[in-house]
Structure formats: structure tokens, C-alpha cells
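A short worksheet on the structure shown next.
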Amino acid sequence: MIMDAGRICIVRAGSDSGKEVVVNEIIDKNFVMISGESVKQRKINIKHLEPTSKKGAVIVPIRKEEPKAKKAPKKAEEKK
């Protein structure tokens with residue numbers, strides 16, 4: 001079975017073993033991005049997935065820009 005975006009799979013290994021997930025994005029030949037109701041969105045090796053014949057909606061990952069660090073206000077130099 002071909003591993004493509006939208007494919008519903010069952011996780012075979014790890015802490016999420018037995019849970020249904022949806023493949024969101026193909027990263028390379030070994031890794032895909034997954035998400036599910038009780039599974040956080042993450043990268044996983046395709047060897048840990050069992051594809052089913054069902055297809056679902058692809059959840060587009062939202063990549064937020066990381067907030068820039070704010071500079072601390074300069075303290076007024078104390079006069080002696």
C-alpha cells in the first residue's frame with residue numbers, strides 16, 4: 001500500500017501504538033508527518049506505521065514564527 005498524504009494509518013510501535021493517525025506530509029522516503037485525535041503532530045518513521053485502505057483529510061501544519069527575544073531595558077547608570 002502506498003504511503004501518501006491523507007492516508008489513515010495505525011501506529012505499530014512506541015507510546016502511541018494502536019492509535020489511528022493521518023499522514024499529513026511526506027518528508028522523505030523514510031519519514032512522514034502525522035497527526036491524530038490523541039496523537040500530537042510529529043515526524044515518524046514509516047516502518048512504525050501500518051497503512052489502511054482508508055483516506056482522510058490532510059491537516060495542514062501551522063508553522064508559527066517564533067517570537068523574537070525582547071531586549072531588556074537598559075538600567076540608568078548610578079551616579080556616585
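Naming scheme: A, B, ... for chains in displayed order of the C-alpha cells; residues 1 onward per chain; ligands 1 onward as shown.
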Do you know which residues are at most 8 Å from Ile8 (chain A) counting only C-alpha atoms, after dropping those on the same chain fewer than 2 positions away, and could you put them as a list of chain:residue names?
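Once the adjacent positions are removed, what remains is A:Gly6, A:Ile10, A:Glu20, A:Val21, A:Val22, A:Val23, A:Pro51, A:Thr52, A:Ser53, A:Lys54, A:Lys55, A:Gly56.
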Same residues, N, CA and C atoms, output as a short mmCIF file (atom, residue, chain, number, x, y, z; two decimals), in the first residue's frame:
```cif
data_model
loop_
_atom_site.label_atom_id
_atom_site.label_comp_id
_atom_site.auth_asym_id
_atom_site.auth_seq_id
_atom_site.Cartn_x
_atom_site.Cartn_y
_atom_site.Cartn_z
N GLY A 6 -2.85 12.06 3.48
CA GLY A 6 -4.26 11.77 3.68
C GLY A 6 -4.53 10.32 4.06
N ILE A 10 -2.29 3.07 11.27
CA ILE A 10 -2.27 2.69 12.67
C ILE A 10 -0.81 2.62 13.09
N GLU A 20 -4.95 5.48 15.69
CA GLU A 20 -5.11 5.87 14.29
C GLU A 20 -4.57 7.28 14.09
N VAL A 21 -3.85 7.46 12.99
CA VAL A 21 -3.28 8.76 12.65
C VAL A 21 -3.50 9.02 11.16
N VAL A 22 -3.34 10.28 10.77
CA VAL A 22 -3.43 10.67 9.36
C VAL A 22 -2.06 11.18 8.93
N VAL A 23 -1.61 10.75 7.77
CA VAL A 23 -0.35 11.24 7.22
C VAL A 23 -0.61 12.61 6.62
N PRO A 51 -0.39 1.14 7.11
CA PRO A 51 -1.39 1.87 6.34
C PRO A 51 -2.69 1.07 6.22
N THR A 52 -3.81 1.79 6.19
CA THR A 52 -5.11 1.16 5.96
C THR A 52 -5.59 1.54 4.56
N SER A 53 -6.72 1.02 4.18
CA SER A 53 -7.25 1.35 2.86
C SER A 53 -8.03 2.66 2.89
N LYS A 54 -8.21 3.26 4.07
CA LYS A 54 -8.98 4.50 4.21
C LYS A 54 -8.11 5.72 3.98
N LYS A 55 -8.75 6.78 3.51
CA LYS A 55 -8.09 8.08 3.36
C LYS A 55 -8.90 9.10 4.13
N GLY A 56 -8.21 10.09 4.68
CA GLY A 56 -8.87 11.13 5.45
C GLY A 56 -8.43 12.50 5.00
#
```
If we count only C-alpha atoms and set the cut-off at 9 Å, which residues sit around Met3 (chain A), ignoring sequence neighbours fewer than 4 positions away in its own chain? Please answer as an MDAnalysis selection string.
chainID A and resid 7 9 23 26 32 46 51
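Of the listed residues (A:Val39, A:Gly14, A:Glu50, A:Ile44), A:Glu50 comes nearest to Ile2 (chain A); the distances count only C-alpha atoms.
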